[in-house]
Each structure stands twice: as C-alpha cells, then as structure tokens.
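So this block is input22.txt, compact mmCIF, C-alpha atoms:
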# COMPACT_ATOMS: atom_id res chain seq x y z
CA MET C 78 21.20 14.13 -21.58
CA ALA C 79 19.96 11.48 -23.98
CA GLU C 80 16.18 11.04 -24.07
CA ARG C 81 16.08 7.38 -25.03
CA ARG C 82 16.84 4.43 -22.79
CA MET C 83 17.39 0.75 -23.63
CA PHE C 84 17.16 -2.43 -21.55
CA SER C 85 19.28 -5.55 -21.96
CA LYS C 86 17.30 -8.80 -22.09
CA LEU C 87 20.20 -10.45 -20.24
CA ILE C 88 19.05 -8.50 -17.18
CA ILE C 89 15.28 -8.16 -17.51
CA ASP C 90 14.82 -11.79 -18.64
CA SER C 91 16.88 -13.20 -15.77
CA ASP C 92 15.07 -15.30 -13.15
CA MET C 93 16.21 -12.91 -10.43
CA PHE C 94 14.45 -10.03 -12.17
CA LEU C 95 11.31 -11.91 -13.20
CA ASP C 96 10.88 -13.38 -9.70
CA MET C 97 10.33 -9.88 -8.31
CA PRO C 98 6.78 -8.50 -7.95
CA LEU C 99 5.47 -6.65 -11.01
CA SER C 100 5.33 -3.42 -9.02
CA THR C 101 9.05 -3.77 -8.25
CA GLN C 102 9.84 -4.42 -11.91
CA ALA C 103 7.81 -1.35 -12.91
CA LEU C 104 9.73 0.79 -10.44
CA TYR C 105 13.01 -0.42 -11.94
CA PHE C 106 11.89 0.58 -15.45
CA HIS C 107 10.74 4.02 -14.29
CA LEU C 108 13.97 4.66 -12.37
CA SER C 109 16.00 3.63 -15.42
CA MET C 110 13.99 5.86 -17.75
CA ARG C 111 14.68 8.89 -15.55
CA ALA C 112 18.37 8.22 -14.82
CA ASP C 113 21.08 10.51 -16.15
CA ASP C 114 23.64 9.35 -18.70
CA ASP C 115 25.69 7.56 -16.02
CA GLY C 116 22.66 5.81 -14.51
CA PHE C 117 22.17 8.06 -11.45
CA VAL C 118 18.71 9.02 -10.12
CA ASN C 119 18.36 11.88 -7.65
CA ASN C 120 14.70 11.37 -6.69
CA PRO C 121 13.92 7.62 -6.34
CA LYS C 122 11.42 8.24 -3.53
CA LYS C 123 9.48 10.73 -5.64
CA ILE C 124 9.36 8.32 -8.59
CA GLN C 125 8.26 5.52 -6.25
CA ARG C 126 5.34 7.60 -4.94
CA MET C 127 4.48 8.93 -8.38
CA ILE C 128 3.82 5.45 -9.81
CA GLY C 129 2.14 4.09 -6.66
CA CYS C 130 4.87 1.71 -5.45
CA ASN C 131 5.67 1.24 -1.76
CA ASP C 132 8.90 1.22 0.26
CA ASP C 133 9.25 -2.55 -0.03
CA ASP C 134 9.56 -2.29 -3.82
CA LEU C 135 12.55 0.00 -3.43
CA LYS C 136 14.06 -2.25 -0.75
CA VAL C 137 13.72 -5.31 -2.97
CA LEU C 138 15.64 -3.56 -5.78
CA ILE C 139 18.36 -2.70 -3.26
CA THR C 140 18.48 -6.19 -1.77
CA LYS C 141 18.54 -7.88 -5.17
CA LYS C 142 21.34 -5.52 -6.24
CA PHE C 143 19.53 -3.93 -9.18
CA ILE C 144 20.13 -0.46 -7.75
CA ILE C 145 22.79 0.89 -5.38
CA PRO C 146 21.65 3.59 -2.90
CA PHE C 147 23.74 6.31 -1.25
CA GLU C 148 23.30 8.18 2.03
CA SER C 149 22.55 11.32 0.00
CA GLY C 150 19.31 9.74 -1.24
CA ILE C 151 20.67 9.29 -4.75
CA CYS C 152 20.75 5.83 -6.31
CA VAL C 153 22.43 4.35 -9.38
CA ILE C 154 21.31 1.60 -11.74
CA LYS C 155 23.84 -1.20 -11.20
CA HIS C 156 23.69 -2.63 -14.74
CA TRP C 157 23.40 0.73 -16.46
CA LYS C 158 26.34 0.21 -18.83
CA ILE C 159 24.95 -3.16 -19.89
CA HIS C 160 21.63 -1.55 -20.77
CA ASN C 161 22.83 1.63 -22.42
CA TYR C 162 25.64 2.79 -24.66
CA ILE C 163 25.51 6.51 -25.33
CA ARG C 164 27.49 8.17 -28.13
CA ASN C 165 30.16 10.61 -26.97
CA ASP C 166 28.56 13.51 -28.81
CA ARG C 167 25.32 12.94 -26.86
CA TYR C 168 26.80 11.86 -23.52
CA LYS C 169 26.51 14.27 -20.57
CA PRO C 170 28.52 13.22 -17.47
CA THR C 171 26.65 12.92 -14.19
CA ILE C 172 26.81 15.82 -11.73
CA TYR C 173 26.95 13.37 -8.80
CA GLU C 174 30.72 13.00 -8.78
CA CYS C 175 30.93 12.29 -5.04
CA GLU C 176 28.68 9.23 -5.34
CA LYS C 177 30.41 8.10 -8.53
CA GLN C 178 33.76 8.03 -6.74
CA MET C 179 32.26 5.53 -4.27
CA LEU C 180 31.78 3.00 -7.10
CA SER C 181 34.14 0.71 -8.92
CA ASP C 182 33.59 0.11 -12.62
CA GLU C 183 33.76 -3.67 -13.08
CA LYS C 184 34.96 -5.50 -16.18
CA ASN C 185 31.48 -6.93 -16.75
CA LYS C 186 30.13 -3.36 -17.10
CA THR C 187 28.43 -3.27 -13.69
CA TYR C 188 28.86 -0.84 -10.81
CA GLU C 189 30.08 -2.09 -7.42
CA LEU C 190 29.91 -0.09 -4.20
CA ILE C 191 33.27 0.22 -2.45
CA SER C 192 32.61 -0.05 1.32
CA ASP C 193 35.12 1.87 3.48
CA GLY C 194 37.66 1.51 0.70
CA ILE C 195 37.48 -2.30 0.88
CA PRO C 196 35.96 -3.94 -2.23
CA ASN C 197 33.49 -6.76 -1.63
CA VAL C 198 35.20 -10.14 -1.20
CA ASN C 199 34.11 -13.61 -2.19
CA GLN C 200 32.55 -12.05 -5.27
CA VAL C 201 31.65 -14.33 -8.17
CA ASP C 202 30.31 -12.55 -11.22
CA THR C 203 28.82 -13.77 -14.46
CA VAL C 204 29.06 -11.28 -17.28
CA GLY C 205 25.71 -9.66 -17.92
CA ILE C 206 23.90 -11.48 -15.10
CA PRO C 207 22.93 -9.68 -11.87
CA ASN C 208 25.38 -10.23 -9.04
CA GLY C 209 24.39 -11.42 -5.61
CA TYR C 210 25.16 -13.92 -2.89
CA THR C 211 24.50 -17.34 -4.40
CA GLY C 212 24.22 -19.39 -1.21
CA LYS C 213 21.02 -20.41 0.56
CA VAL C 214 19.95 -16.88 1.43
CA ARG C 215 16.67 -15.85 -0.14
CA LEU C 216 15.52 -12.30 0.50
CA GLY C 217 12.18 -11.91 -1.23
CA LYS C 218 9.82 -9.00 -0.77
CA ASP C 219 7.97 -10.76 2.02
CA ARG C 220 11.17 -11.22 4.02
CA ILE C 221 12.38 -7.60 4.12
CA ASP C 222 12.80 -6.42 7.72
CA ASN C 223 11.92 -2.74 7.92
CA SER C 224 14.14 -2.39 11.02
CA ILE C 225 17.28 -3.31 9.05
CA SER C 226 19.34 -0.23 8.19
CA LYS C 227 20.46 0.74 4.71
CA ASP C 228 24.13 0.03 5.51
CA ILE C 229 23.27 -3.68 5.59
CA LEU C 230 21.01 -3.68 2.53
CA VAL C 231 23.66 -2.09 0.29
CA SER C 232 26.25 -4.79 0.99
CA LYS C 233 25.91 -8.31 -0.38
CA ASN C 234 28.58 -9.36 2.14
CA LEU C 235 26.51 -8.25 5.13
CA ILE C 236 23.08 -9.53 4.03
CA PRO C 237 23.74 -13.31 4.35
CA ILE C 238 25.70 -12.88 7.60
CA VAL C 239 23.13 -10.66 9.29
CA GLU C 240 20.23 -12.82 8.12
CA GLU C 241 21.89 -15.98 9.48
CA TRP C 242 22.52 -14.30 12.84
CA ASN C 243 18.99 -12.90 13.03
CA ASN C 244 17.61 -16.41 12.47
CA LEU C 245 19.01 -17.31 15.91
CA ASN C 246 16.78 -16.68 18.90
CA LEU C 247 19.15 -13.97 20.13
CA SER C 248 19.40 -10.19 20.09
CA LYS C 249 19.01 -9.15 16.44
CA VAL C 250 21.57 -7.15 14.48
CA LYS C 251 20.00 -4.06 12.92
CA SER C 252 23.04 -2.06 11.87
CA VAL C 253 26.68 -2.72 10.97
CA LYS C 254 28.66 0.51 11.06
CA GLY C 255 31.84 2.03 12.44
CA ASN C 256 34.07 -0.25 14.51
CA ARG C 257 31.65 -3.20 14.16
CA LEU C 258 31.91 -2.99 10.35
CA LYS C 259 35.69 -2.70 10.55
CA ILE C 260 36.00 -5.80 12.75
CA LEU C 261 33.53 -7.80 10.64
CA ASN C 262 35.32 -6.87 7.40
CA ALA C 263 38.55 -8.13 8.98
CA ARG C 264 36.92 -11.50 9.75
CA ILE C 265 35.47 -11.68 6.21
CA LYS C 266 38.89 -11.01 4.72
CA GLU C 267 40.53 -13.55 7.06
CA TYR C 268 38.02 -16.42 6.92
CA GLY C 269 35.45 -15.70 4.17
CA ILE C 270 31.66 -15.38 4.33
CA ASP C 271 30.98 -19.14 4.31
CA SER C 272 33.08 -19.69 7.43
CA ILE C 273 31.34 -16.87 9.27
CA ILE C 274 27.94 -18.36 8.44
CA GLU C 275 29.20 -21.79 9.51
CA ALA C 276 30.29 -20.40 12.88
CA ILE C 277 26.93 -18.67 13.40
CA LYS C 278 25.07 -21.90 12.63
CA SER C 279 27.16 -23.77 15.20
CA ILE C 280 25.79 -21.51 17.96
CA ASN C 281 22.54 -23.49 17.88
CA LYS C 282 24.57 -26.55 18.91
CA SER C 283 25.94 -24.85 22.02
CA SER C 284 23.77 -24.58 25.12
CA PHE C 285 26.66 -22.71 26.75
CA LEU C 286 26.70 -19.87 24.19
CA LYS C 287 22.91 -19.55 24.42
CA GLY C 288 22.89 -18.86 28.14
CA GLN C 289 22.89 -22.27 29.81
CA ASN C 290 25.89 -21.59 32.03
CA ASN C 291 26.38 -20.60 35.65
CA LYS C 292 26.45 -16.88 34.81
CA ASN C 293 23.54 -16.88 32.34
CA TRP C 294 25.92 -15.27 29.84
CA ILE C 295 24.67 -15.20 26.21
CA ILE C 296 26.81 -14.71 23.13
CA THR C 297 26.50 -11.40 21.25
CA PHE C 298 27.34 -10.58 17.64
CA ASP C 299 30.14 -8.23 18.70
CA TRP C 300 31.68 -10.92 20.92
CA LEU C 301 31.54 -13.46 18.09
CA ILE C 302 33.46 -11.35 15.56
CA LYS C 303 36.33 -10.43 17.89
CA PRO C 304 39.63 -11.86 16.59
CA ASN C 305 40.28 -13.99 19.69
CA ASN C 306 36.74 -15.36 19.93
CA PHE C 307 35.72 -16.15 16.37
CA PRO C 308 38.18 -19.02 15.68
CA LYS C 309 37.11 -20.77 18.91
CA VAL C 310 33.46 -20.76 17.79
CA LEU C 311 34.39 -21.78 14.24
CA GLU C 312 36.47 -24.70 15.50
CA GLY C 313 33.56 -25.97 17.59
CA ASN C 314 35.08 -25.40 21.03
CA TYR C 315 31.68 -24.55 22.49
CA ILE C 316 29.54 -27.21 20.82
CA ASP C 317 27.80 -29.52 23.32
CA LYS C 318 29.74 -32.72 23.82
CA GLU C 319 28.93 -36.05 25.40
CA GLY C 320 29.40 -35.91 29.17
CA VAL C 321 28.69 -32.18 29.38
CA ASN C 322 25.84 -30.94 31.54
CA SER C 323 23.66 -28.90 29.16
CA ALA C 324 22.48 -26.65 31.98
CA THR C 325 25.97 -25.50 33.03
CA ASN C 326 28.29 -26.80 30.27
CA ILE C 327 30.80 -27.93 32.88
CA THR C 328 32.85 -31.11 32.47
CA LYS C 329 34.60 -33.05 35.24
CA ASP C 330 38.18 -34.15 34.59
CA ASN C 331 37.58 -37.03 37.00
CA GLU C 332 35.27 -37.99 39.83
CA THR C 333 37.04 -35.69 42.31
CA SER C 334 37.50 -32.67 40.06
CA SER C 335 34.85 -30.12 39.14
CA LYS C 336 36.94 -27.53 37.34
CA PRO C 337 34.84 -25.43 34.92
CA LYS C 338 35.54 -26.12 31.28
CA TYR C 339 35.43 -22.40 30.41
CA ASP C 340 36.94 -19.33 32.05
CA PHE C 341 34.15 -16.77 32.40
CA SER C 342 36.54 -13.87 32.84
CA CYS C 343 36.85 -13.59 29.06
CA PHE C 344 33.11 -12.87 28.74
CA GLU C 345 33.05 -9.93 31.16
Will you turn the file into structure tokens for me?
Amino acid sequence: MAERRMFSKLIIDSDMFLDMPLSTQALYFHLSMRADDDGFVNNPKKIQRMIGCNDDDLKVLITKKFIIPFESGICVIKHWKIHNYIRNDRYKPTIYECEKQMLSDEKNKTYELISDGIPNVNQVDTVGIPNGYTGKVRLGKDRIDNSISKDILVSKNLIPIVEEWNNLNLSKVKSVKGNRLKILNARIKEYGIDSIIEAIKSINKSSFLKGQNNKNWIITFDWLIKPNNFPKVLEGNYIDKEGVNSATNITKDNETSSKPKYDFSCFE
C-alpha cells in the first residue's frame, strides 16, 4: 500500500467542505491518510476516538457525502480517485471486495452507493465537486438527529424526503428499510424527489389528513407512499377548500345532503 496521500483542492476548497466544523475536516483528513489504495477504511470509529472527534463529526461526513459507510463498519472516501492516482506498480487492491461491489464507479471519478440494486435517481453531478441534494435541505452538524438510522444517512434520496416529513408535527420516520424502502423507491422512480417533497408539504394545508375528521384518523408515512394514495395527495385532493368544515372536512352537495366527501374505509 502506498504511504503517501494527496488531496484535491477542488474538494477541500469547496464551500461544502469548508462549511463543516474544523473537527469534522480533521477527521476527514485522518480517515483519508489511513485509507487503503482504493479509499477504504476499516476502523473509522477508532480513528475518530484517537483524534478526539465525536459521533457527530462522523455523521456530518456521511450526511455531506464525503464518506460512504457500510453495515460492516467499513467506510470509503467518496472522492478518493479525485484525490489520489496511484501507479500500477505501487497499487494494492482493497481486500474489502464485498463493499466495493456495492459501489458504482462514476465518470467524474467518485463512488456512488447502489441501494438495493437501484442507482440513485435525480442525480446531478459536477465533475470534481461533492455531490448532494441541491434543494433547500440543509443538514449541518447541529441538525443531525441521533435517532435517524444509517440507512437514511447513506442515501441522498432519503435525506430530503425524511427531513421534510419529520418537519411535520406527525409521527417521525426513523428508518427506511425493507418493504418501505421498496415502495418509496418506486414512488421516487415514478414521480421524482421534488414531487414527493411537494406532496409532503401539502399535508400542512389539509386539516383532514392531520386528524380533523370524524374518525380522528391521521396520515402516516407508509400510507402516503402507497401507489393508490400518493397521487391523490400530490394532486391536492385533501387540501382544505372553501366551504369545507375544518373540524370534519365534510362538504354538503346541497342543503339536504350531508354525504361525506371522503370514504374512510380506505384508511382502515
């Protein structure tokens, strides 16, 4: 394994990198110095403790997409191939082949995690510049939720969606795995991240979805992402309208009719 490591100024001079706390930047340099020739580190927690950084520093690097973690505890430096070019006669392949097979090698020389065999969608990359969701989401060190599981932090598709949902005064999403991940990925592929965030934001405009109905039913994340439910929320079918009683969300067709606007059987 080569003993020398280099750092590209395209990465370490970027605003995204320099906006991180100095302790987080230091951890990144130490992880990079101890990575193997493919950018893999098998003891990030040990290095973190050794230099006096805390768990939030590691989480910030994950959230900002400077490192990619694996369930095995190993992590990889995302922009490794931008930083370092190692001559073939000095290059020693990584021994972490299982983790390496979970990555795609992008044209801009960055690693991308392949989630359940489905590459991230809605991805806009700039060569040499750290990737990340470029909308209004801002996940700084002071906004890391320790209850959020790693499966969310490793995916730039999940972070903006989960954060938008958790901003609602509803039951918070802490993990996206298994069937929930499969259904959500299907909605992302069908509608895109922006539409999902738009639908979540519209929930605040619906007293019905937030429990002001005659069954006190409240929308859940799993109900939202179901294929038959999501388009109705996205199209604004549940948004409060003029002439609707905000306490029950029931509209009268005429003075003699009191037929409920919504069929509650679909919520049971």
Shortest interatomic distance to C:His156 - which of C:Asn306, C:Thr187, C:Asn234, C:Asn246, counting all atoms listed in the file |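 Closest candidate: C:Thr187.
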Selected residue, from C:Gly313, C:Ile238, C:Met83, C:Lys278, that lies nearest to C:Asn262 when counting only C-alpha atoms = C:Ile238
Please indicate the distance in Å from atom CA of C:Tyr188 to atom CA of C:Lys155, rounded to one decimal place.
-> 5.0 Å
For stretch 139-146 of chain C, take all atoms listed in the file, fit an axis-aligned box around them, add 6 Å to each of the six sides, then output centre and edge lengths in Å rounded to one decimal, as AutoDock Vina command-line options.
--center_x 20.6 --center_y -2.1 --center_z -5.5 --size_x 16.4 --size_y 23.5 --size_z 19.4
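Of the residues under consideration (C:Lys287, C:Lys303, C:Lys318, C:Lys141), C:Lys303 shows the shortest atom-to-atom contact distance to C:Ala263 when counting only C-alpha atoms.
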Show which residues sit within 12 Å of C:Met127, as JSON, numbers by chain. Count all atoms listed in the file, and ignore same-chain residues fewer than 3 positions away.
-> {"C": [103, 104, 107, 108, 120, 121, 122, 123, 124, 130, 131]}
